[in-house]
file query.pdb (PDB, C-alpha atoms (C1' of nucleotides))
ATOM      1  CA  MET A   1    -101.383 -13.448 -38.460
ATOM      2  CA  THR A   2    -103.406 -16.601 -38.026
ATOM      3  CA  ALA A   3    -101.178 -19.183 -36.398
ATOM      4  CA  LEU A   4     -98.190 -18.795 -34.156
ATOM      5  CA  PRO A   5     -94.865 -19.786 -35.623
ATOM      6  CA  PRO A   6     -93.889 -23.067 -33.996
ATOM      7  CA  ASP A   7     -90.709 -21.639 -32.560
ATOM      8  CA  LEU A   8     -92.312 -18.664 -30.884
ATOM      9  CA  PHE A   9     -91.831 -20.146 -27.461
ATOM     10  CA  ASP A  10     -88.448 -21.573 -28.056
ATOM     11  CA  GLU A  11     -85.591 -20.164 -26.073
ATOM     12  CA  LEU A  12     -83.907 -18.978 -29.227
ATOM     13  CA  CYS A  13     -86.944 -17.410 -30.817
ATOM     14  CA  PRO A  14     -86.172 -13.970 -32.249
ATOM     15  CA  SER A  15     -89.061 -12.574 -30.252
ATOM     16  CA  SER A  16     -87.049 -13.129 -27.140
ATOM     17  CA  LEU A  17     -84.818 -10.356 -28.381
ATOM     18  CA  LEU A  18     -87.486  -7.770 -27.737
ATOM     19  CA  PRO A  19     -87.019  -7.378 -24.006
ATOM     20  CA  PHE A  20     -83.414  -8.356 -24.576
ATOM     21  CA  ARG A  21     -82.970  -5.120 -26.458
ATOM     22  CA  PHE A  22     -85.968  -2.937 -25.602
ATOM     23  CA  GLY A  23     -85.542  -3.857 -21.977
ATOM     24  CA  ASP A  24     -82.774  -1.315 -21.838
ATOM     25  CA  LYS A  25     -84.479   1.682 -20.311
ATOM     26  CA  TRP A  26     -82.726   4.296 -22.408
ATOM     27  CA  ALA A  27     -81.850   2.445 -25.602
ATOM     28  CA  ALA A  28     -84.813   3.731 -27.586
ATOM     29  CA  LEU A  29     -84.081   7.315 -26.659
ATOM     30  CA  VAL A  30     -80.406   6.952 -27.458
ATOM     31  CA  LEU A  31     -81.145   5.492 -30.861
ATOM     32  CA  ARG A  32     -83.462   8.358 -31.661
ATOM     33  CA  CYS A  33     -80.788  10.807 -30.639
ATOM     34  CA  LEU A  34     -78.593   9.348 -33.342
ATOM     35  CA  GLU A  35     -81.161   9.191 -36.105
ATOM     36  CA  ASP A  36     -79.971  12.385 -37.792
ATOM     37  CA  GLY A  37     -76.296  11.523 -37.764
ATOM     38  CA  PRO A  38     -73.261  11.094 -35.513
ATOM     39  CA  ARG A  39     -73.350  12.660 -32.082
ATOM     40  CA  ARG A  40     -70.635  13.272 -29.555
ATOM     41  CA  TYR A  41     -70.831  11.945 -26.055
ATOM     42  CA  SER A  42     -71.302  15.385 -24.607
ATOM     43  CA  GLU A  43     -74.109  16.117 -27.044
ATOM     44  CA  LEU A  44     -75.895  12.976 -25.952
ATOM     45  CA  ARG A  45     -75.498  13.987 -22.343
ATOM     46  CA  VAL A  46     -77.138  17.305 -23.011
ATOM     47  CA  SER A  47     -80.037  15.719 -24.861
ATOM     48  CA  LEU A  48     -80.542  12.974 -22.298
ATOM     49  CA  ARG A  49     -80.411  15.117 -19.225
ATOM     50  CA  ARG A  50     -82.059  12.574 -16.993
ATOM     51  CA  VAL A  51     -79.448   9.927 -17.685
ATOM     52  CA  THR A  52     -76.326   9.870 -15.572
ATOM     53  CA  PRO A  53     -72.988   9.455 -17.402
ATOM     54  CA  LYS A  54     -72.478   5.975 -16.068
ATOM     55  CA  VAL A  55     -75.859   4.762 -17.250
ATOM     56  CA  LEU A  56     -75.480   6.496 -20.595
ATOM     57  CA  THR A  57     -72.146   4.787 -21.116
ATOM     58  CA  GLN A  58     -73.658   1.480 -20.086
ATOM     59  CA  SER A  59     -76.419   1.896 -22.605
ATOM     60  CA  LEU A  60     -74.027   2.923 -25.370
ATOM     61  CA  ARG A  61     -71.739  -0.015 -24.640
ATOM     62  CA  GLY A  62     -74.667  -2.367 -24.865
ATOM     63  CA  LEU A  63     -75.806  -0.902 -28.143
ATOM     64  CA  GLU A  64     -72.257  -1.067 -29.443
ATOM     65  CA  ARG A  65     -71.790  -4.682 -28.412
ATOM     66  CA  ASP A  66     -75.019  -5.647 -30.147
ATOM     67  CA  GLY A  67     -73.998  -3.893 -33.333
ATOM     68  CA  PHE A  68     -76.483  -1.037 -33.308
ATOM     69  CA  VAL A  69     -74.007   1.741 -32.719
ATOM     70  CA  GLN A  70     -70.438   2.414 -33.762
ATOM     71  CA  ARG A  71     -68.043   4.253 -31.506
ATOM     72  CA  THR A  72     -65.251   6.310 -33.024
ATOM     73  CA  VAL A  73     -62.479   8.031 -31.127
ATOM     74  CA  ARG A  74     -60.993  11.133 -32.677
ATOM     75  CA  PRO A  75     -57.681  11.683 -30.926
ATOM     76  CA  GLY A  76     -57.011  15.027 -29.362
ATOM     77  CA  PRO A  77     -56.519  17.096 -27.555
ATOM     78  CA  PRO A  78     -59.224  18.010 -27.380
ATOM     79  CA  ARG A  79     -60.287  14.436 -27.634
ATOM     80  CA  SER A  80     -63.753  13.605 -28.873
ATOM     81  CA  VAL A  81     -65.789  10.468 -29.255
ATOM     82  CA  GLU A  82     -68.542  10.069 -31.793
ATOM     83  CA  TYR A  83     -71.367   7.601 -31.826
ATOM     84  CA  GLU A  84     -73.366   6.769 -34.901
ATOM     85  CA  LEU A  85     -75.898   4.232 -36.001
ATOM     86  CA  THR A  86     -74.778   1.189 -37.932
ATOM     87  CA  PRO A  87     -76.975  -0.045 -40.787
ATOM     88  CA  LEU A  88     -78.392  -2.564 -38.326
ATOM     89  CA  GLY A  89     -79.152   0.165 -35.833
ATOM     90  CA  ARG A  90     -80.744   2.266 -38.515
ATOM     91  CA  SER A  91     -82.943  -0.617 -39.545
ATOM     92  CA  LEU A  92     -84.200  -0.846 -36.005
ATOM     93  CA  LEU A  93     -85.522   2.683 -36.260
ATOM     94  CA  VAL A  94     -88.392   1.428 -38.407
ATOM     95  CA  PRO A  95     -90.113  -0.733 -35.765
ATOM     96  CA  LEU A  96     -89.018   1.802 -33.185
ATOM     97  CA  TYR A  97     -90.918   4.555 -34.945
ATOM     98  CA  ALA A  98     -93.927   2.282 -35.123
ATOM     99  CA  ALA A  99     -93.762   1.721 -31.386
ATOM    100  CA  CYS A 100     -93.307   5.431 -30.672
ATOM    101  CA  ALA A 101     -96.230   6.301 -32.901
ATOM    102  CA  TRP A 102     -98.358   3.772 -31.106
ATOM    103  CA  ALA A 103     -97.328   5.142 -27.727
ATOM    104  CA  ALA A 104     -98.129   8.694 -28.778
ATOM    105  CA  GLU A 105    -101.479   7.674 -30.184
ATOM    106  CA  HIS A 106    -102.587   5.762 -27.099
ATOM    107  CA  TRP A 107    -100.935   7.945 -24.522
ATOM    108  CA  ASP A 108    -104.187   9.008 -22.898
ATOM    109  CA  GLU A 109    -105.583   5.507 -22.672
ATOM    110  CA  LEU A 110    -102.390   4.346 -21.062
ATOM    111  CA  LEU A 111    -102.505   7.003 -18.405
ATOM    112  CA  ASP A 112    -106.167   6.310 -17.734
ATOM    113  CA  ALA A 113    -105.523   2.610 -17.296
ATOM    114  CA  ARG A 114    -102.724   3.276 -14.840
ATOM    115  CA  ASP A 115    -104.369   6.004 -12.840
ATOM    116  CA  PRO A 116    -108.145   5.997 -13.258
ATOM    117  CA  GLY A 117    -109.269   9.508 -12.537
TER
ATOM    118  CA  MET B 118     -88.464  11.956 -39.547
ATOM    119  CA  THR B 119     -86.265  15.012 -39.729
ATOM    120  CA  ALA B 120     -86.340  16.705 -36.349
ATOM    121  CA  LEU B 121     -86.982  15.259 -32.943
ATOM    122  CA  PRO B 122     -90.223  16.241 -31.319
ATOM    123  CA  PRO B 123     -89.379  18.743 -28.606
ATOM    124  CA  ASP B 124     -90.872  16.580 -25.887
ATOM    125  CA  LEU B 125     -88.927  13.465 -26.745
ATOM    126  CA  PHE B 126     -86.731  13.792 -23.726
ATOM    127  CA  ASP B 127     -89.355  14.950 -21.346
ATOM    128  CA  GLU B 128     -90.181  12.702 -18.460
ATOM    129  CA  LEU B 129     -93.692  12.272 -19.740
ATOM    130  CA  CYS B 130     -92.792  11.581 -23.321
ATOM    131  CA  PRO B 131     -94.731   8.635 -24.722
ATOM    132  CA  SER B 132     -91.480   7.054 -25.812
ATOM    133  CA  SER B 133     -90.688   6.455 -22.193
ATOM    134  CA  LEU B 134     -93.475   3.920 -22.228
ATOM    135  CA  LEU B 135     -91.484   1.582 -24.406
ATOM    136  CA  PRO B 136     -89.282   0.055 -21.743
ATOM    137  CA  PHE B 137     -92.118   0.748 -19.333
ATOM    138  CA  ARG B 138     -94.069  -1.914 -21.148
ATOM    139  CA  PHE B 139     -91.615  -3.877 -23.259
ATOM    140  CA  GLY B 140     -89.301  -4.099 -20.282
ATOM    141  CA  ASP B 141     -91.493  -6.915 -19.050
ATOM    142  CA  LYS B 142     -89.586  -9.983 -20.125
ATOM    143  CA  TRP B 143     -92.627 -12.046 -21.025
ATOM    144  CA  ALA B 144     -95.208  -9.439 -21.988
ATOM    145  CA  ALA B 145     -94.683  -9.724 -25.725
ATOM    146  CA  LEU B 146     -94.992 -13.472 -25.645
ATOM    147  CA  VAL B 147     -98.104 -13.339 -23.501
ATOM    148  CA  LEU B 148     -99.755 -10.860 -25.828
ATOM    149  CA  ARG B 149     -99.027 -13.064 -28.796
ATOM    150  CA  CYS B 150    -100.516 -16.007 -26.973
ATOM    151  CA  LEU B 151    -103.759 -14.096 -26.806
ATOM    152  CA  GLU B 152    -103.835 -12.826 -30.364
ATOM    153  CA  ASP B 153    -106.264 -15.485 -31.575
ATOM    154  CA  GLY B 154    -108.746 -15.092 -28.753
ATOM    155  CA  PRO B 155    -109.284 -15.727 -25.053
ATOM    156  CA  ARG B 156    -107.072 -18.236 -23.324
ATOM    157  CA  ARG B 157    -107.317 -19.853 -19.955
ATOM    158  CA  TYR B 158    -104.578 -19.645 -17.386
ATOM    159  CA  SER B 159    -103.689 -23.271 -17.785
ATOM    160  CA  GLU B 160    -103.491 -22.892 -21.539
ATOM    161  CA  LEU B 161    -101.048 -20.043 -21.156
ATOM    162  CA  ARG B 162     -98.966 -22.131 -18.797
ATOM    163  CA  VAL B 163     -98.686 -24.869 -21.352
ATOM    164  CA  SER B 164     -97.706 -22.486 -24.119
ATOM    165  CA  LEU B 165     -95.231 -20.586 -21.999
ATOM    166  CA  ARG B 166     -93.441 -23.552 -20.526
ATOM    167  CA  ARG B 167     -90.404 -21.610 -19.426
ATOM    168  CA  VAL B 168     -92.417 -19.225 -17.298
ATOM    169  CA  THR B 169     -93.188 -20.189 -13.728
ATOM    170  CA  PRO B 170     -96.761 -19.651 -12.509
ATOM    171  CA  LYS B 171     -95.760 -16.816 -10.240
ATOM    172  CA  VAL B 172     -94.005 -14.899 -13.000
ATOM    173  CA  LEU B 173     -96.815 -15.573 -15.446
ATOM    174  CA  THR B 174     -99.322 -14.202 -12.953
ATOM    175  CA  GLN B 175     -97.110 -11.180 -12.350
ATOM    176  CA  SER B 176     -96.938 -10.487 -16.060
ATOM    177  CA  LEU B 177    -100.669 -10.929 -16.525
ATOM    178  CA  ARG B 178    -101.426  -8.643 -13.595
ATOM    179  CA  GLY B 179     -99.192  -5.976 -15.056
ATOM    180  CA  LEU B 180    -100.819  -6.258 -18.449
ATOM    181  CA  GLU B 181    -104.217  -6.118 -16.803
ATOM    182  CA  ARG B 182    -103.343  -3.060 -14.759
ATOM    183  CA  ASP B 183    -102.147  -1.241 -17.851
ATOM    184  CA  GLY B 184    -105.320  -2.072 -19.729
ATOM    185  CA  PHE B 185    -103.915  -4.506 -22.274
ATOM    186  CA  VAL B 186    -105.616  -7.602 -20.985
ATOM    187  CA  GLN B 187    -108.949  -8.361 -19.402
ATOM    188  CA  ARG B 188    -109.340 -11.055 -16.798
ATOM    189  CA  THR B 189    -112.630 -12.864 -16.481
ATOM    190  CA  VAL B 190    -113.529 -15.387 -13.800
ATOM    191  CA  ARG B 191    -116.106 -18.005 -14.701
ATOM    192  CA  PRO B 192    -117.332 -19.452 -11.418
ATOM    193  CA  GLY B 193    -117.200 -23.179 -10.962
ATOM    194  CA  PRO B 194    -116.644 -25.762 -10.113
ATOM    195  CA  PRO B 195    -114.665 -26.343 -12.089
ATOM    196  CA  ARG B 196    -113.608 -22.765 -11.941
ATOM    197  CA  SER B 197    -111.885 -21.190 -14.889
ATOM    198  CA  VAL B 198    -110.228 -17.868 -15.582
ATOM    199  CA  GLU B 199    -109.963 -16.412 -19.022
ATOM    200  CA  TYR B 200    -107.628 -13.747 -20.288
ATOM    201  CA  GLU B 201    -108.252 -11.788 -23.450
ATOM    202  CA  LEU B 202    -106.869  -8.764 -25.196
ATOM    203  CA  THR B 203    -108.631  -5.450 -24.786
ATOM    204  CA  PRO B 204    -108.907  -3.170 -27.831
ATOM    205  CA  LEU B 205    -105.883  -1.339 -26.484
ATOM    206  CA  GLY B 206    -103.940  -4.572 -26.153
ATOM    207  CA  ARG B 207    -104.959  -5.598 -29.643
ATOM    208  CA  SER B 208    -103.759  -2.292 -31.015
ATOM    209  CA  LEU B 209    -100.368  -2.968 -29.509
ATOM    210  CA  LEU B 210    -100.066  -6.086 -31.629
ATOM    211  CA  VAL B 211     -99.388  -3.940 -34.684
ATOM    212  CA  PRO B 212     -96.064  -2.450 -33.538
ATOM    213  CA  LEU B 213     -95.326  -5.721 -31.803
ATOM    214  CA  TYR B 214     -95.560  -7.604 -35.071
ATOM    215  CA  ALA B 215     -93.298  -5.026 -36.656
ATOM    216  CA  ALA B 216     -90.732  -5.584 -33.932
ATOM    217  CA  CYS B 217     -90.997  -9.362 -34.212
ATOM    218  CA  ALA B 218     -90.619  -9.212 -37.975
ATOM    219  CA  TRP B 219     -87.550  -7.047 -37.567
ATOM    220  CA  ALA B 220     -86.074  -9.439 -35.030
ATOM    221  CA  ALA B 221     -86.663 -12.419 -37.283
ATOM    222  CA  GLU B 222     -85.182 -10.639 -40.281
ATOM    223  CA  HIS B 223     -82.014  -9.572 -38.502
ATOM    224  CA  TRP B 224     -81.610 -12.594 -36.292
ATOM    225  CA  ASP B 225     -78.319 -13.664 -37.825
ATOM    226  CA  GLU B 226     -76.764 -10.225 -37.648
ATOM    227  CA  LEU B 227     -77.741  -9.982 -34.022
ATOM    228  CA  LEU B 228     -76.110 -13.253 -33.143
ATOM    229  CA  ASP B 229     -72.984 -12.317 -35.068
ATOM    230  CA  ALA B 230     -72.696  -9.015 -33.248
ATOM    231  CA  ARG B 231     -73.014 -10.740 -29.907
ATOM    232  CA  ASP B 232     -70.782 -13.677 -30.542
ATOM    233  CA  PRO B 233     -68.413 -13.084 -33.464
ATOM    234  CA  GLY B 234     -67.543 -16.511 -34.788
TER
ATOM    235  C1'  DC C 235     -64.264  16.045 -22.466
ATOM    236  C1'  DT C 236     -65.137  11.289 -21.713
ATOM    237  C1'  DG C 237     -65.841   8.496 -19.136
ATOM    238  C1'  DA C 238     -64.433   4.873 -14.857
ATOM    239  C1'  DA C 239     -65.018   3.609  -9.807
ATOM    240  C1'  DT C 240     -67.633   2.953  -6.036
ATOM    241  C1'  DC C 241     -71.569   2.186  -3.314
ATOM    242  C1'  DC C 242     -76.347   1.270  -2.706
ATOM    243  C1'  DC C 243     -81.006  -0.113  -3.604
ATOM    244  C1'  DC C 244     -84.732  -2.080  -5.455
ATOM    245  C1'  DC C 245     -87.208  -5.425  -7.797
ATOM    246  C1'  DA C 246     -87.999  -8.620 -11.717
ATOM    247  C1'  DC C 247     -86.984 -13.161 -12.202
ATOM    248  C1'  DG C 248     -86.731 -17.783 -10.665
ATOM    249  C1'  DA C 249     -87.114 -22.301  -7.844
ATOM    250  C1'  DT C 250     -89.807 -24.635  -4.705
ATOM    251  C1'  DA C 251     -93.578 -25.680  -2.139
ATOM    252  C1'  DC C 252     -98.208 -25.118  -0.752
ATOM    253  C1'  DT C 253    -103.595 -23.860  -1.007
ATOM    254  C1'  DG C 254    -108.867 -22.736  -1.821
TER
ATOM    255  C1'  DC D 255    -107.637 -25.261 -11.813
ATOM    256  C1'  DA D 256    -105.523 -21.014 -10.693
ATOM    257  C1'  DG D 257    -103.043 -19.244  -8.343
ATOM    258  C1'  DT D 258    -100.023 -17.716  -3.279
ATOM    259  C1'  DA D 259     -96.158 -17.963  -0.004
ATOM    260  C1'  DT D 260     -91.466 -17.823   0.737
ATOM    261  C1'  DC D 261     -86.820 -17.328  -0.128
ATOM    262  C1'  DG D 262     -82.928 -16.311  -2.832
ATOM    263  C1'  DT D 263     -80.225 -14.003  -6.501
ATOM    264  C1'  DG D 264     -78.543 -10.989  -9.988
ATOM    265  C1'  DG D 265     -78.138  -7.007 -12.183
ATOM    266  C1'  DG D 266     -79.884  -2.650 -13.955
ATOM    267  C1'  DG D 267     -80.446   1.850 -12.440
ATOM    268  C1'  DG D 268     -78.973   5.925  -9.859
ATOM    269  C1'  DA D 269     -76.011   9.350  -6.971
ATOM    270  C1'  DT D 270     -71.673  10.668  -6.214
ATOM    271  C1'  DT D 271     -66.973  11.066  -6.789
ATOM    272  C1'  DC D 272     -62.635  10.584  -9.225
ATOM    273  C1'  DA D 273     -59.419  10.178 -13.308
ATOM    274  C1'  DG D 274     -56.837  10.215 -17.952
TER
END

call {"tool": "encode", "arguments": {"input": "query.pdb", "output": "structure tokens"}}
result
Amino acid sequence: MTALPPDLFDELCPSSLLPFRFGDKWAALVLRCLEDGPRRYSELRVSLRRVTPKVLTQSLRGLERDGFVQRTVRPGPPRSVEYELTPLGRSLLVPLYAACAWAAEHWDELLDARDPG
Amino acid sequence: MTALPPDLFDELCPSSLLPFRFGDKWAALVLRCLEDGPRRYSELRVSLRRVTPKVLTQSLRGLERDGFVQRTVRPGPPRSVEYELTPLGRSLLVPLYAACAWAAEHWDELLDARDPG
DNA sequence: CTGAATCCCCCACGATACTG
DNA sequence: CAGTATCGTGGGGGATTCAG
């Protein structure tokens, strides 16, 4: 990586998608919840205990709108809704794993930088 | 990647650092501005035209606090301030490049998902 | 079971202007 | 040159409650 691509600072540069997508506080966690296959809404709620239903729905809707996740309603009763990764969403797992690995590897340094002592 | 690490959903899971850091709208761009070596504040301003000085300073301060960037004042006059990546910041470039490459590769799909047509 | 509705809060972002 | 000061805004995040 020697020179910057000329469009790096353009408004439409793909890099601007990073906060656009990773800015979502829970998106990464949600995607990882789906890595092994479809999950029901209630299953996601159990896994992501710290996320309130409203915020979880928000996050899922965002991921759905951007084409990372597909939502499927299985009529009831009892009614159930499944979420699963699209091919696009699955492809995002690759850089996501890289970022998670980095975070795990440098976890201590990060904490030290934030709170020296 | 078969099973999720048990701590993935813990409050202190490293994955929670992703939005923690990538949530910063300009952080990725700033880091890439510094990939080839130290840059002065004014240089960064020129590169990042769309960022106002206040926001740029905010972003730099955040990156400095988290240990990604080092700030060096060279007394004047004329005074100058240089920013450069720390080893930690440089290590972050690796997953960052992966994310940028992914974004570039799937740019079209992303736009289609957002705005079908 | 799967959300939607409501209310609130905080703060990142941004525009503009000013300073040592 | 390298920022600060000030003001304004929007929206994501969260707690709680309600509904089909």

call {"tool": "resolve_selection", "arguments": {"input": "query.pdb", "expression": "the PyMOL selection byres ((chain B) within 9 of (chain D))", "output": "VMD selection string"}}
result
chain B and resid 158 to 159 170 to 171 174 195 to 198

call {"tool": "closest_atom_pairs", "arguments": {"input": "query.pdb", "of": "chain B", "to": "chain C", "cutoff": "12 Å", "atoms": "all atoms listed in the file", "output": "Markdown table"}}
result
| residue | atom | partner | partner_atom | distance |
| --- | --- | --- | --- | --- |
| B:Gly140 | CA | C:DA246 | C1' | 9.8 |
| B:Asp141 | CA | C:DA246 | C1' | 8.3 |
| B:Lys142 | CA | C:DA246 | C1' | 8.7 |
| B:Trp143 | CA | C:DC247 | C1' | 10.5 |
| B:Arg167 | CA | C:DG248 | C1' | 10.2 |
| B:Val168 | CA | C:DG248 | C1' | 8.9 |
| B:Thr169 | CA | C:DG248 | C1' | 7.5 |
| B:Pro170 | CA | C:DG248 | C1' | 10.4 |
| B:Lys171 | CA | C:DG248 | C1' | 9.1 |
| B:Val172 | CA | C:DC247 | C1' | 7.3 |
| B:Leu173 | CA | C:DC247 | C1' | 10.6 |
| B:Gln175 | CA | C:DA246 | C1' | 9.5 |
| B:Ser176 | CA | C:DA246 | C1' | 10.1 |
| B:Gly179 | CA | C:DA246 | C1' | 12.0 |
| B:Pro194 | CA | C:DG254 | C1' | 11.8 |
| B:Arg196 | CA | C:DG254 | C1' | 11.2 |

call {"tool": "resolve_selection", "arguments": {"input": "query.pdb", "expression": "the PyMOL selection byres ((chain B and resi 186) around 6)", "output": "mmCIF file with C-alpha atoms, in the frame of the given file"}}
result
data_model
loop_
_atom_site.group_PDB
_atom_site.id
_atom_site.type_symbol
_atom_site.label_atom_id
_atom_site.label_comp_id
_atom_site.auth_asym_id
_atom_site.auth_seq_id
_atom_site.Cartn_x
_atom_site.Cartn_y
_atom_site.Cartn_z
ATOM 1 C CA LEU B 180 -100.819 -6.258 -18.449
ATOM 2 C CA GLU B 181 -104.217 -6.118 -16.803
ATOM 3 C CA GLY B 184 -105.320 -2.072 -19.729
ATOM 4 C CA PHE B 185 -103.915 -4.506 -22.274
ATOM 5 C CA GLN B 187 -108.949 -8.361 -19.402
ATOM 6 C CA GLU B 201 -108.252 -11.788 -23.450
ATOM 7 C CA LEU B 202 -106.869 -8.764 -25.196
ATOM 8 C CA THR B 203 -108.631 -5.450 -24.786
#

call {"tool": "resolve_selection", "arguments": {"input": "query.pdb", "expression": "the PyMOL selection byres ((chain A) within 6 of (chain B))", "output": "ChimeraX atom specification"}}
result
/A:14-15,19,22-23,25,66-67,95,98-100,103-104,113-114

call {"tool": "atom_distance", "arguments": {"input": "query.pdb", "atom1": "atom CA of Leu151 of chain B", "atom2": "atom CA of Leu210 of chain B"}}
result
10.1 Å

call {"tool": "residues_around", "arguments": {"input": "query.pdb", "residues": "Tyr83 of chain A", "least_positions_apart": "3", "cutoff": "7 Å", "atoms": "all atoms listed in the file", "output": "ChimeraX atom specification"}}
result
/A:38-40,69-72

call {"tool": "atom_distance", "arguments": {"input": "query.pdb", "atom1": "atom CA of Pro192 of chain B", "atom2": "atom CA of Gly206 of chain B"}}
result
24.9 Å

call {"tool": "atom_distance", "arguments": {"input": "query.pdb", "atom1": "atom CA of Arg90 of chain A", "atom2": "atom CA of Leu148 of chain B"}}
result
26.4 Å

call {"tool": "build_atoms", "arguments": {"input": "query.pdb", "residues": "segment 64-81 of chain A", "atoms": "N, CA, C and O atoms", "output": "CSV table (one decimal), in the coordinates of the input"}}
result
chain,number,residue,atom,x,y,z
A,64,GLU,N,-73.4,-0.8,-28.6
A,64,GLU,CA,-72.3,-1.1,-29.4
A,64,GLU,C,-72.0,-2.6,-29.6
A,64,GLU,O,-71.7,-3.1,-30.6
A,65,ARG,N,-72.1,-3.2,-28.4
A,65,ARG,CA,-71.8,-4.7,-28.4
A,65,ARG,C,-72.8,-5.4,-29.3
A,65,ARG,O,-72.4,-6.4,-30.0
A,66,ASP,N,-74.0,-5.0,-29.3
A,66,ASP,CA,-75.0,-5.6,-30.1
A,66,ASP,C,-75.0,-5.2,-31.6
A,66,ASP,O,-75.8,-5.7,-32.4
A,67,GLY,N,-74.1,-4.3,-31.9
A,67,GLY,CA,-74.0,-3.9,-33.3
A,67,GLY,C,-74.9,-2.8,-33.8
A,67,GLY,O,-75.1,-2.7,-35.0
A,68,PHE,N,-75.6,-2.1,-32.9
A,68,PHE,CA,-76.5,-1.0,-33.3
A,68,PHE,C,-75.8,0.3,-33.5
A,68,PHE,O,-76.3,1.2,-34.2
A,69,VAL,N,-74.7,0.4,-32.8
A,69,VAL,CA,-74.0,1.7,-32.7
A,69,VAL,C,-72.5,1.5,-32.9
A,69,VAL,O,-72.0,0.5,-32.5
A,70,GLN,N,-71.9,2.5,-33.6
A,70,GLN,CA,-70.4,2.4,-33.8
A,70,GLN,C,-69.8,3.6,-33.0
A,70,GLN,O,-70.3,4.7,-33.1
A,71,ARG,N,-68.7,3.3,-32.3
A,71,ARG,CA,-68.0,4.3,-31.5
A,71,ARG,C,-66.7,4.6,-32.2
A,71,ARG,O,-66.0,3.7,-32.6
A,72,THR,N,-66.5,5.9,-32.4
A,72,THR,CA,-65.3,6.3,-33.0
A,72,THR,C,-64.5,7.4,-32.2
A,72,THR,O,-65.1,8.4,-31.8
A,73,VAL,N,-63.3,7.1,-31.9
A,73,VAL,CA,-62.5,8.0,-31.1
A,73,VAL,C,-61.7,8.9,-32.1
A,73,VAL,O,-60.9,8.4,-32.9
A,74,ARG,N,-61.8,10.2,-31.9
A,74,ARG,CA,-61.0,11.1,-32.7
A,74,ARG,C,-60.0,11.7,-31.7
A,74,ARG,O,-60.3,12.5,-30.8
A,75,PRO,N,-58.7,11.3,-31.9
A,75,PRO,CA,-57.7,11.7,-30.9
A,75,PRO,C,-57.5,13.2,-30.8
A,75,PRO,O,-57.8,13.9,-31.7
A,76,GLY,N,-57.1,13.6,-29.6
A,76,GLY,CA,-57.0,15.0,-29.4
A,76,GLY,C,-55.6,15.4,-29.0
A,76,GLY,O,-54.7,14.8,-29.5
A,77,PRO,N,-55.4,16.4,-28.2
A,77,PRO,CA,-56.5,17.1,-27.6
A,77,PRO,C,-57.0,18.2,-28.4
A,77,PRO,O,-56.2,18.8,-29.2
A,78,PRO,N,-58.3,18.7,-28.3
A,78,PRO,CA,-59.2,18.0,-27.4
A,78,PRO,C,-59.8,16.7,-28.0
A,78,PRO,O,-60.1,16.7,-29.2
A,79,ARG,N,-59.8,15.7,-27.2
A,79,ARG,CA,-60.3,14.4,-27.6
A,79,ARG,C,-61.8,14.5,-27.8
A,79,ARG,O,-62.5,15.2,-27.1
A,80,SER,N,-62.3,13.7,-28.7
A,80,SER,CA,-63.8,13.6,-28.9
A,80,SER,C,-64.1,12.2,-29.3
A,80,SER,O,-63.4,11.5,-30.0
A,81,VAL,N,-65.3,11.8,-28.9
A,81,VAL,CA,-65.8,10.5,-29.3
A,81,VAL,C,-67.2,10.6,-29.9
A,81,VAL,O,-68.0,11.3,-29.4
